[in-house]
>>> print(open('start_20.txt').read())   # compact mmCIF, C-alpha atoms
# COMPACT_ATOMS: atom_id res chain seq x y z
CA MET A 29 59.72 26.79 242.37
CA ASN A 30 62.79 27.26 240.17
CA GLN A 31 64.99 25.39 242.63
CA ALA A 32 62.50 22.51 242.79
CA ALA A 33 62.38 22.40 238.98
CA PHE A 34 66.19 22.42 238.89
CA PHE A 35 66.48 19.30 241.05
CA ALA A 36 63.61 17.65 239.18
CA VAL A 37 65.51 18.17 235.92
CA LEU A 38 68.58 16.52 237.45
CA PHE A 39 66.46 13.52 238.42
CA LEU A 40 64.90 13.21 234.97
CA LEU A 41 68.25 13.53 233.22
CA TYR A 42 69.63 10.88 235.57
CA SER A 43 66.75 8.57 234.66
CA LEU A 44 66.88 9.20 230.92
CA THR A 45 70.61 8.51 230.69
CA ALA A 46 70.23 5.06 232.25
CA LYS A 47 71.70 6.43 235.49
CA LYS A 48 75.26 6.23 234.14
CA GLU A 49 76.00 9.49 232.32
CA SER A 50 77.06 11.87 235.11
CA TYR A 51 78.60 14.19 232.52
CA ILE A 52 75.15 15.31 231.38
CA LEU A 53 74.16 16.16 234.95
CA GLN A 54 77.31 18.23 235.36
CA LEU A 55 76.76 19.99 232.05
CA PHE A 56 73.30 21.04 233.16
CA ALA A 57 74.11 21.82 236.79
CA PHE A 58 77.09 24.05 236.04
CA GLY A 59 75.71 25.58 232.86
CA SER A 60 73.73 28.79 232.53
CA CYS A 61 70.44 27.09 233.40
CA GLY A 62 71.84 26.38 236.84
CA PHE A 63 72.46 30.09 237.25
CA PHE A 64 69.04 31.10 235.92
CA SER A 65 67.38 28.72 238.38
CA MET A 66 68.44 31.11 241.15
CA ILE A 67 66.64 34.14 239.70
CA PRO A 68 63.04 34.71 238.55
CA TYR A 69 63.27 33.39 234.99
CA THR A 70 61.09 30.63 233.56
CA GLU A 71 63.80 28.75 231.64
CA VAL A 72 64.32 26.04 234.25
CA LEU A 73 60.59 25.49 234.73
CA LEU A 74 60.22 25.22 230.96
CA LEU A 75 63.10 22.77 230.81
CA PHE A 76 61.55 20.64 233.54
CA LEU A 77 58.11 20.48 231.92
CA THR A 78 59.41 19.77 228.41
CA LEU A 79 61.86 17.18 229.72
CA LEU A 80 59.03 15.55 231.68
CA VAL A 81 56.99 15.41 228.47
CA TYR A 82 59.87 13.72 226.68
CA TYR A 83 60.41 11.33 229.58
CA LEU A 84 56.76 10.26 229.45
CA PHE A 85 57.03 9.98 225.67
CA THR A 86 59.97 7.58 225.92
CA LYS A 87 57.99 5.53 228.45
CA ARG A 88 54.97 5.60 226.09
CA ARG A 89 52.72 6.96 228.83
CA PHE A 90 50.29 8.80 226.61
CA GLY A 91 46.88 10.14 227.48
CA PHE A 92 45.20 12.86 229.50
CA ILE A 93 47.96 13.59 232.04
CA PHE A 94 50.62 13.56 229.34
CA GLY A 95 48.58 16.05 227.31
CA CYS A 96 47.96 18.29 230.32
CA ILE A 97 51.67 18.53 231.09
CA MET A 98 52.44 19.38 227.48
CA GLY A 99 49.74 22.05 227.47
CA ILE A 100 51.05 23.58 230.71
CA ALA A 101 54.54 23.69 229.21
CA VAL A 102 53.20 25.76 226.30
CA THR A 103 51.52 28.20 228.68
CA VAL A 104 54.77 28.64 230.61
CA LYS A 105 56.70 29.60 227.48
CA SER A 106 55.46 29.58 223.92
CA ILE A 107 58.61 27.90 222.62
CA ALA A 108 57.25 24.67 224.13
CA ALA A 109 54.77 24.67 221.25
CA MET A 110 57.68 23.37 219.17
CA LEU A 111 57.69 20.25 221.36
CA TYR A 112 53.92 20.04 220.91
CA PHE A 113 54.45 19.61 217.16
CA ALA A 114 57.53 17.40 217.51
CA VAL A 115 55.71 15.00 219.83
CA PHE A 116 52.76 14.88 217.45
CA ILE A 117 55.05 13.77 214.64
CA GLY A 118 56.69 11.24 216.94
CA MET A 119 53.33 9.82 217.97
CA CYS A 120 52.26 9.59 214.34
CA VAL A 121 55.41 7.58 213.61
CA LEU A 122 54.55 5.22 216.47
CA TRP A 123 50.97 4.94 215.24
CA HIS A 124 52.20 4.12 211.73
CA ALA A 125 54.41 1.41 213.26
CA HIS A 126 51.37 0.07 215.17
CA LYS A 127 53.00 0.88 218.52
CA LEU A 128 50.11 3.00 219.75
CA LYS A 129 46.46 3.54 218.98
CA PHE A 130 45.14 6.59 217.19
CA LEU A 131 42.90 7.08 220.21
CA ASP A 132 46.05 7.70 222.28
CA ILE A 133 46.86 10.68 220.08
CA ILE A 134 43.36 12.07 220.51
CA ARG A 135 43.41 11.55 224.28
CA THR A 136 46.73 13.35 224.46
CA TYR A 137 46.07 16.27 222.16
CA ILE A 138 42.59 17.26 223.30
CA PRO A 139 43.78 18.42 226.76
CA ALA A 140 47.12 19.62 225.35
CA THR A 141 45.37 21.82 222.79
CA ILE A 142 42.77 23.17 225.21
CA ILE A 143 45.36 24.16 227.82
CA SER A 144 47.71 25.58 225.17
CA CYS A 145 44.93 27.87 223.95
CA LEU A 146 44.15 29.31 227.39
CA TYR A 147 46.73 32.08 227.15
CA PRO A 148 45.73 33.19 223.61
CA PHE A 149 42.12 33.12 224.81
CA TYR A 150 43.05 35.34 227.76
CA LEU A 151 44.80 37.78 225.40
CA GLN A 152 41.78 37.85 223.11
CA VAL A 153 39.40 38.61 225.98
CA THR A 154 41.68 41.12 227.68
CA PHE A 155 43.35 42.94 224.79
CA GLY A 156 41.09 42.11 221.85
CA SER A 157 43.76 40.13 220.00
CA TRP A 158 44.95 36.60 220.65
CA LYS A 159 48.33 37.45 219.13
CA SER A 160 48.96 40.68 221.04
CA PHE A 161 52.00 39.08 222.68
CA ILE A 162 53.50 38.49 219.24
CA ASP A 163 52.65 42.01 218.10
CA CYS A 164 54.32 43.60 221.11
CA GLN A 165 57.59 41.90 220.16
CA TYR A 166 57.99 44.43 217.37
CA ASP A 167 56.93 47.43 219.43
CA TYR A 168 57.77 47.07 223.11
CA TRP A 169 60.66 44.63 222.68
CA LYS A 170 62.03 46.43 219.60
CA ARG A 171 62.34 43.30 217.48
CA MET A 172 62.35 42.80 213.73
CA LYS A 173 61.85 39.85 211.41
CA ILE A 174 65.00 38.31 209.99
CA ASN A 175 66.25 35.41 207.89
CA PRO A 176 69.26 33.23 208.87
CA VAL A 177 71.66 34.83 206.38
CA GLN A 178 70.81 38.36 207.50
CA GLU A 179 71.05 37.35 211.14
CA LEU A 180 74.49 35.80 210.71
CA TYR A 181 75.69 38.92 208.90
CA ILE A 182 74.40 41.19 211.68
CA GLN A 183 75.92 38.97 214.37
CA LEU A 184 79.34 38.96 212.73
CA LYS A 185 79.11 42.69 212.14
CA THR A 186 78.28 43.21 215.80
CA ILE A 187 81.17 41.02 216.95
CA PHE A 188 83.88 42.27 214.61
CA GLY A 189 82.57 45.59 213.30
CA ASN A 190 83.21 49.04 214.66
CA ILE A 191 79.65 50.22 215.20
CA GLU A 192 78.84 53.28 217.27
CA GLY A 193 77.22 52.30 220.54
CA ASN A 194 78.28 48.67 220.12
CA CYS A 195 79.52 47.92 223.63
CA VAL A 196 81.65 44.97 224.69
CA LEU A 197 78.67 43.21 226.29
CA PHE A 198 76.83 43.24 222.97
CA ARG A 199 79.79 41.53 221.33
CA ILE A 200 79.94 38.96 224.13
CA ASN A 201 76.23 38.22 223.79
CA GLU A 202 76.51 37.66 220.05
CA ALA A 203 79.59 35.48 220.42
CA LEU A 204 77.83 33.33 223.02
CA SER A 205 74.69 32.97 220.92
CA LEU A 206 76.58 32.06 217.77
CA THR A 207 78.86 29.61 219.58
CA ILE A 208 75.99 27.75 221.20
CA VAL A 209 74.05 27.47 217.92
CA CYS A 210 77.11 25.95 216.25
CA PHE A 211 77.49 23.56 219.17
CA ILE A 212 73.84 22.47 218.97
CA LEU A 213 74.09 21.82 215.24
CA TYR A 214 77.27 19.83 215.80
CA GLU A 215 75.51 17.79 218.50
CA ILE A 216 72.74 16.93 216.06
CA TYR A 217 75.31 15.90 213.47
CA CYS A 218 77.07 13.60 215.97
CA TYR A 219 73.77 12.12 217.11
CA ILE A 220 72.64 11.29 213.59
CA ARG A 221 76.03 9.77 212.76
CA SER A 222 75.91 7.51 215.81
CA TYR A 223 72.27 6.52 215.40
CA LYS A 224 72.98 3.14 213.79
CA THR A 225 75.08 2.08 216.76
CA ARG A 226 72.45 3.14 219.29
CA GLN A 227 69.31 1.43 220.47
CA ASN A 228 67.10 4.51 220.45
CA ASP A 229 63.69 4.29 218.86
CA LEU A 230 63.28 6.35 215.68
CA SER A 231 60.39 8.29 217.21
CA ASP A 232 62.51 9.28 220.23
CA MET A 233 65.24 10.50 217.90
CA LEU A 234 62.76 12.49 215.82
CA VAL A 235 61.28 14.24 218.84
CA LEU A 236 64.71 15.29 220.09
CA ILE A 237 65.95 16.59 216.76
CA LEU A 238 62.70 18.17 215.58
CA TYR A 239 62.17 19.99 218.87
CA VAL A 240 65.65 21.51 218.63
CA LEU A 241 65.34 22.46 214.97
CA PHE A 242 61.83 23.88 215.34
CA SER A 243 62.97 25.85 218.39
CA LEU A 244 66.04 27.25 216.66
CA ALA A 245 63.86 28.38 213.77
CA ALA A 246 61.32 30.00 216.09
CA ILE A 247 63.88 31.72 218.31
CA ASN A 248 65.81 33.10 215.36
CA ALA A 249 62.76 34.29 213.43
CA THR A 250 63.23 37.74 214.96
CA ILE A 251 66.10 39.66 216.51
CA ARG A 252 66.40 42.84 218.55
CA ILE A 253 66.94 45.98 216.47
CA PRO A 254 70.78 46.29 216.49
CA SER A 255 70.76 50.01 217.25
CA TYR A 256 68.69 49.33 220.38
CA ASN A 257 70.39 46.32 221.95
CA ALA A 258 72.44 43.22 221.21
CA PRO A 259 70.63 41.59 218.24
CA THR A 260 70.27 38.14 219.81
CA THR A 261 69.63 39.37 223.33
CA SER A 262 68.70 36.46 225.65
CA PHE A 263 69.06 33.86 222.90
CA TYR A 264 71.74 31.85 224.63
CA ARG A 265 69.48 31.71 227.68
CA TYR A 266 66.75 30.28 225.48
CA TYR A 267 69.13 27.73 223.97
CA TYR A 268 70.16 26.45 227.38
CA SER A 269 66.51 25.74 228.21
CA LEU A 270 66.27 23.21 225.36
CA PHE A 271 66.63 19.84 227.06
CA PRO A 272 67.93 17.96 223.96
CA ILE A 273 71.25 19.81 224.10
CA TYR A 274 72.04 17.90 227.30
CA LEU A 275 70.87 14.50 226.09
CA LEU A 276 72.60 14.84 222.73
CA ALA A 277 75.91 15.68 224.41
CA GLU A 278 76.54 12.05 225.37
CA ASN A 279 77.34 11.19 221.74
CA MET A 280 80.61 13.12 221.72
CA SER A 281 84.06 11.80 222.54
CA GLN A 282 85.38 12.31 226.06
CA LYS A 283 87.86 14.94 224.90
CA LYS A 284 85.12 16.95 223.23
CA LYS A 285 82.92 16.53 226.29
CA ASN A 286 85.62 18.07 228.45
CA VAL A 287 85.96 21.04 226.12
CA VAL A 288 82.19 21.58 226.02
CA TYR A 289 81.93 21.31 229.79
CA ALA A 290 84.71 23.86 230.29
CA CYS A 291 83.12 26.27 227.80
CA SER A 292 79.66 25.85 229.31
CA THR A 293 80.96 26.54 232.80
CA ALA A 294 82.79 29.61 231.50
CA ILE A 295 79.60 30.87 229.86
CA SER A 296 77.79 30.47 233.17
CA PHE A 297 80.55 32.43 234.90
CA ILE A 298 80.38 35.20 232.29
CA THR A 299 76.60 35.33 232.68
CA ALA A 300 76.95 35.77 236.43
CA ILE A 301 79.40 38.65 235.93
CA ILE A 302 77.03 40.34 233.48
CA PHE A 303 74.21 40.18 236.00
CA ILE A 304 76.44 41.43 238.81
CA LYS A 305 77.12 44.48 236.66
CA ASN A 306 73.33 45.01 236.38
CA CYS A 307 73.44 44.38 232.65
CA TYR A 308 70.37 42.24 232.11
CA PHE A 309 69.96 40.79 228.65
CA TYR A 310 66.22 40.46 229.15
>>> encode(input="start_20.txt", output="structure tokens")
Amino acid sequence: MNQAAFFAVLFLLYSLTAKKESYILQLFAFGSCGFFSMIPYTEVLLLFLTLLVYYLFTKRRFGFIFGCIMGIAVTVKSIAAMLYFAVFIGMCVLWHAHKLKFLDIIRTYIPATIISCLYPFYLQVTFGSWKSFIDCQYDYWKRMKINPVQELYIQLKTIFGNIEGNCVLFRINEALSLTIVCFILYEIYCYIRSYKTRQNDLSDMLVLILYVLFSLAAINATIRIPSYNAPTTSFYRYYYSLFPIYLLAENMSQKKKNVVYACSTAISFITAIIFIKNCYFY
């Protein structure tokens, strides 16, 4: 299924970039998501479903099927709920501009909400708490709540500090996570700067940017306890599953694109080495 989702993502990216931006396809194919498509992780499936939602959004194909796909995306990985909210805001903007009917929002969000609630409902019935998955983050996964300033301090301390038990792989993980976050924020900056020269609809722009920002906030709301593992374990894998980072990349100059492509390929290579060494940042 992962391989099928991988090729489906390539097709959607090809379609969304007007079939002329091969750089974006290369960035995705040779990035970490390409690697994770070969092992049993859900990142590529998530990327496919969320990208399909955005594709349908840009084509203004709202309604029952659109809502079902969005709901399924949320059940695959909860981070897709950030797209659920971003799309809602985008649809409200379109409704305010009289480009869709309010009934379209209802037809979309009834199935999306019902399907999104299936997993919490299952948790409630099975474990007696609909948020047991969230609760286990702090127990089983050894996570703790954090704010951005504290997280940055811990990351820098992990990278440059001399902490007992702080292995090289922990430092690599933190460096990768921090680098990719900076890159994503820079992408957003470039996209906003170039907006006036582009033909994109405001609602499309909002969905892209809000999904990324909401996701960054959600992902970085907690970190792994530093004494147990690398604080932002798996974060860079999560970042690579956010489809906007590929679409936003087309706004950079060719020189910057080449640098990003080289760095992304290197990150994928490093990831492969880490897995070969049986060091899974799960």
>>> closest_residue(input="start_20.txt", among="A:Asn175, A:Thr250, A:Ser106, A:Ser43", to="Lys159 in chain A", atoms="only C-alpha atoms")
A:Ser106
>>> closest_residue(input="start_20.txt", among="A:Glu215, A:His126, A:Thr78, A:Met29", to="Lys285 in chain A", atoms="all atoms listed in the file")
A:Glu215
>>> atom_distance(input="start_20.txt", atom1="CA of Glu202 in chain A", atom2="CA of Val288 in chain A")
18.1 Å
>>> closest_residue(input="start_20.txt", among="A:Gly95, A:Pro176, A:Gly118, A:Gly156", to="Ala246 in chain A", atoms="only C-alpha atoms")
A:Pro176
>>> residues_around(input="start_20.txt", residues="Thr45 in chain A", least_positions_apart="4", cutoff="12 Å", atoms="only C-alpha atoms", output="PyMOL selection string")
chain A and resi 38-41+49-53+83+86+228+272+274-279
>>> residues_around(input="start_20.txt", residues="Met110 in chain A", least_positions_apart="3", cutoff="6 Å", atoms="only C-alpha atoms", output="PyMOL selection string")
chain A and resi 107+113+239+242-243
>>> atom_distance(input="start_20.txt", atom1="CA of Val240 in chain A", atom2="CA of Leu75 in chain A")
12.5 Å
>>> residues_around(input="start_20.txt", residues="Tyr264 in chain A", least_positions_apart="3", cutoff="7 Å", atoms="all atoms listed in the file", output="number ranges by chain")
A: 204-205, 208, 267-268
>>> residues_around(input="start_20.txt", residues="Phe85 in chain A", least_positions_apart="3", cutoff="9 Å", atoms="only C-alpha atoms", output="compact mmCIF listing (two decimals) with C-alpha atoms, keeping the file's coordinate frame")
# COMPACT_ATOMS: atom_id res chain seq x y z
CA LEU A 80 59.03 15.55 231.68
CA VAL A 81 56.99 15.41 228.47
CA TYR A 82 59.87 13.72 226.68
CA ARG A 88 54.97 5.60 226.09
CA ARG A 89 52.72 6.96 228.83
CA PHE A 90 50.29 8.80 226.61
CA PHE A 94 50.62 13.56 229.34
CA VAL A 115 55.71 15.00 219.83
CA GLY A 118 56.69 11.24 216.94
CA MET A 119 53.33 9.82 217.97
CA ASP A 232 62.51 9.28 220.23
>>> atom_distance(input="start_20.txt", atom1="CA of Phe303 in chain A", atom2="CA of Leu197 in chain A")
11.1 Å
>>> residues_around(input="start_20.txt", residues="Thr293 in chain A", least_positions_apart="5", cutoff="8 Å", atoms="all atoms listed in the file", output="PDB file with C-alpha atoms, in the coordinates of the input")
ATOM      1  CA  LEU A  55      76.760  19.990 232.050  1.00  0.00           C
ATOM      2  CA  PHE A  58      77.090  24.050 236.040  1.00  0.00           C
ATOM      3  CA  GLY A  59      75.710  25.580 232.860  1.00  0.00           C
ATOM      4  CA  SER A  60      73.730  28.790 232.530  1.00  0.00           C
TER       5      SER A  60
END
>>> closest_residue(input="start_20.txt", among="A:Phe116, A:Val37, A:Thr141, A:Lys129", to="Ile97 in chain A", atoms="all atoms listed in the file")
A:Thr141
>>> closest_residue(input="start_20.txt", among="A:Lys105, A:Asn201, A:Val153, A:Tyr256", to="Asp167 in chain A", atoms="all atoms listed in the file")
A:Tyr256
>>> closest_residue(input="start_20.txt", among="A:Ala140, A:Glu71, A:Ser255, A:Leu77", to="Lys170 in chain A", atoms="all atoms listed in the file")
A:Ser255
>>> axis_aligned_box(input="start_20.txt", around="range 137-155 of chain A", padding_each_side="5 Å", output="AutoDock Vina command-line options")
--center_x 43.6 --center_y 29.6 --center_z 225.0 --size_x 18.3 --size_y 36.7 --size_z 15.7
>>> decode(input="start_20.txt", residues="range 52-66 of chain A", atoms="all heavy atoms", output="mmCIF file, in the first residue's frame")
data_model
loop_
_atom_site.group_PDB
_atom_site.id
_atom_site.type_symbol
_atom_site.label_atom_id
_atom_site.label_comp_id
_atom_site.auth_asym_id
_atom_site.auth_seq_id
_atom_site.Cartn_x
_atom_site.Cartn_y
_atom_site.Cartn_z
ATOM 1 N N ILE A 52 9.906 19.465 -7.819
ATOM 2 C CA ILE A 52 9.098 19.058 -6.671
ATOM 3 C C ILE A 52 8.981 17.536 -6.613
ATOM 4 O O ILE A 52 9.038 16.935 -5.542
ATOM 5 C CB ILE A 52 7.707 19.718 -6.730
ATOM 6 C CG1 ILE A 52 7.851 21.224 -6.516
ATOM 7 C CG2 ILE A 52 6.766 19.124 -5.692
ATOM 8 C CD1 ILE A 52 6.562 21.992 -6.606
ATOM 9 N N LEU A 53 8.843 16.909 -7.765
ATOM 10 C CA LEU A 53 8.773 15.449 -7.807
ATOM 11 C C LEU A 53 10.082 14.836 -7.319
ATOM 12 O O LEU A 53 10.084 13.851 -6.579
ATOM 13 C CB LEU A 53 8.472 14.978 -9.234
ATOM 14 C CG LEU A 53 7.189 15.508 -9.884
ATOM 15 C CD1 LEU A 53 7.004 14.879 -11.263
ATOM 16 C CD2 LEU A 53 5.978 15.221 -9.022
ATOM 17 N N GLN A 54 11.188 15.417 -7.720
ATOM 18 C CA GLN A 54 12.493 14.913 -7.291
ATOM 19 C C GLN A 54 12.687 15.107 -5.792
ATOM 20 O O GLN A 54 13.216 14.231 -5.103
ATOM 21 C CB GLN A 54 13.599 15.632 -8.063
ATOM 22 C CG GLN A 54 13.587 15.362 -9.555
ATOM 23 C CD GLN A 54 14.515 16.296 -10.316
ATOM 24 O OE1 GLN A 54 15.269 17.061 -9.718
ATOM 25 N NE2 GLN A 54 14.448 16.256 -11.636
ATOM 26 N N LEU A 55 12.255 16.263 -5.302
ATOM 27 C CA LEU A 55 12.397 16.557 -3.875
ATOM 28 C C LEU A 55 11.645 15.536 -3.038
ATOM 29 O O LEU A 55 12.138 15.078 -2.002
ATOM 30 C CB LEU A 55 11.874 17.966 -3.585
ATOM 31 C CG LEU A 55 12.003 18.465 -2.138
ATOM 32 C CD1 LEU A 55 13.467 18.557 -1.739
ATOM 33 C CD2 LEU A 55 11.320 19.821 -1.977
ATOM 34 N N PHE A 56 10.459 15.166 -3.496
ATOM 35 C CA PHE A 56 9.682 14.166 -2.770
ATOM 36 C C PHE A 56 10.272 12.769 -2.944
ATOM 37 O O PHE A 56 10.469 12.035 -1.970
ATOM 38 C CB PHE A 56 8.231 14.167 -3.243
ATOM 39 C CG PHE A 56 7.448 12.966 -2.775
ATOM 40 C CD1 PHE A 56 7.085 12.832 -1.446
ATOM 41 C CD2 PHE A 56 7.101 11.957 -3.665
ATOM 42 C CE1 PHE A 56 6.388 11.716 -1.003
ATOM 43 C CE2 PHE A 56 6.399 10.845 -3.238
ATOM 44 C CZ PHE A 56 6.043 10.721 -1.901
ATOM 45 N N ALA A 57 10.563 12.397 -4.179
ATOM 46 C CA ALA A 57 10.994 11.031 -4.479
ATOM 47 C C ALA A 57 12.302 10.664 -3.791
ATOM 48 O O ALA A 57 12.478 9.528 -3.337
ATOM 49 C CB ALA A 57 11.126 10.845 -5.986
ATOM 50 N N PHE A 58 13.221 11.624 -3.703
ATOM 51 C CA PHE A 58 14.531 11.324 -3.132
ATOM 52 C C PHE A 58 14.681 11.837 -1.700
ATOM 53 O O PHE A 58 15.771 11.794 -1.137
ATOM 54 C CB PHE A 58 15.632 11.908 -4.023
ATOM 55 C CG PHE A 58 15.689 11.271 -5.380
ATOM 56 C CD1 PHE A 58 15.121 11.899 -6.478
ATOM 57 C CD2 PHE A 58 16.271 10.029 -5.555
ATOM 58 C CE1 PHE A 58 15.152 11.313 -7.732
ATOM 59 C CE2 PHE A 58 16.304 9.428 -6.804
ATOM 60 C CZ PHE A 58 15.742 10.065 -7.897
ATOM 61 N N GLY A 59 13.580 12.322 -1.131
ATOM 62 C CA GLY A 59 13.597 12.748 0.260
ATOM 63 C C GLY A 59 13.291 11.580 1.185
ATOM 64 O O GLY A 59 13.151 10.430 0.757
ATOM 65 N N SER A 60 13.159 11.887 2.460
ATOM 66 C CA SER A 60 12.948 10.829 3.451
ATOM 67 C C SER A 60 11.636 10.084 3.264
ATOM 68 O O SER A 60 11.530 8.910 3.609
ATOM 69 C CB SER A 60 12.998 11.426 4.864
ATOM 70 O OG SER A 60 14.309 11.821 5.183
ATOM 71 N N CYS A 61 10.619 10.765 2.721
ATOM 72 C CA CYS A 61 9.337 10.086 2.526
ATOM 73 C C CYS A 61 9.476 8.942 1.533
ATOM 74 O O CYS A 61 8.790 7.931 1.641
ATOM 75 C CB CYS A 61 8.263 11.074 2.061
ATOM 76 S SG CYS A 61 7.006 11.378 3.322
ATOM 77 N N GLY A 62 10.359 9.124 0.551
ATOM 78 C CA GLY A 62 10.617 8.037 -0.382
ATOM 79 C C GLY A 62 11.176 6.824 0.334
ATOM 80 O O GLY A 62 10.801 5.682 0.047
ATOM 81 N N PHE A 63 12.051 7.076 1.299
ATOM 82 C CA PHE A 63 12.616 5.977 2.082
ATOM 83 C C PHE A 63 11.554 5.325 2.961
ATOM 84 O O PHE A 63 11.446 4.096 3.023
ATOM 85 C CB PHE A 63 13.768 6.492 2.946
ATOM 86 C CG PHE A 63 14.286 5.484 3.924
ATOM 87 C CD1 PHE A 63 15.121 4.459 3.510
ATOM 88 C CD2 PHE A 63 13.910 5.532 5.255
ATOM 89 C CE1 PHE A 63 15.589 3.508 4.406
ATOM 90 C CE2 PHE A 63 14.373 4.593 6.160
ATOM 91 C CZ PHE A 63 15.219 3.576 5.732
ATOM 92 N N PHE A 64 10.747 6.142 3.628
ATOM 93 C CA PHE A 64 9.745 5.595 4.544
ATOM 94 C C PHE A 64 8.617 4.873 3.813
ATOM 95 O O PHE A 64 7.849 4.140 4.434
ATOM 96 C CB PHE A 64 9.179 6.700 5.436
ATOM 97 C CG PHE A 64 10.119 7.133 6.519
ATOM 98 C CD1 PHE A 64 10.636 8.414 6.541
ATOM 99 C CD2 PHE A 64 10.507 6.246 7.509
ATOM 100 C CE1 PHE A 64 11.514 8.810 7.534
ATOM 101 C CE2 PHE A 64 11.387 6.627 8.509
ATOM 102 C CZ PHE A 64 11.894 7.914 8.524
ATOM 103 N N SER A 65 8.514 5.083 2.501
ATOM 104 C CA SER A 65 7.496 4.359 1.740
ATOM 105 C C SER A 65 7.865 2.887 1.580
ATOM 106 O O SER A 65 7.025 2.067 1.205
ATOM 107 C CB SER A 65 7.311 4.995 0.359
ATOM 108 O OG SER A 65 8.441 4.762 -0.467
ATOM 109 N N MET A 66 9.124 2.559 1.863
ATOM 110 C CA MET A 66 9.581 1.177 1.701
ATOM 111 C C MET A 66 9.489 0.368 2.984
ATOM 112 O O MET A 66 9.813 -0.821 3.002
ATOM 113 C CB MET A 66 11.030 1.179 1.188
ATOM 114 C CG MET A 66 11.190 1.810 -0.186
ATOM 115 S SD MET A 66 12.894 1.750 -0.800
ATOM 116 C CE MET A 66 13.660 3.011 0.232
#
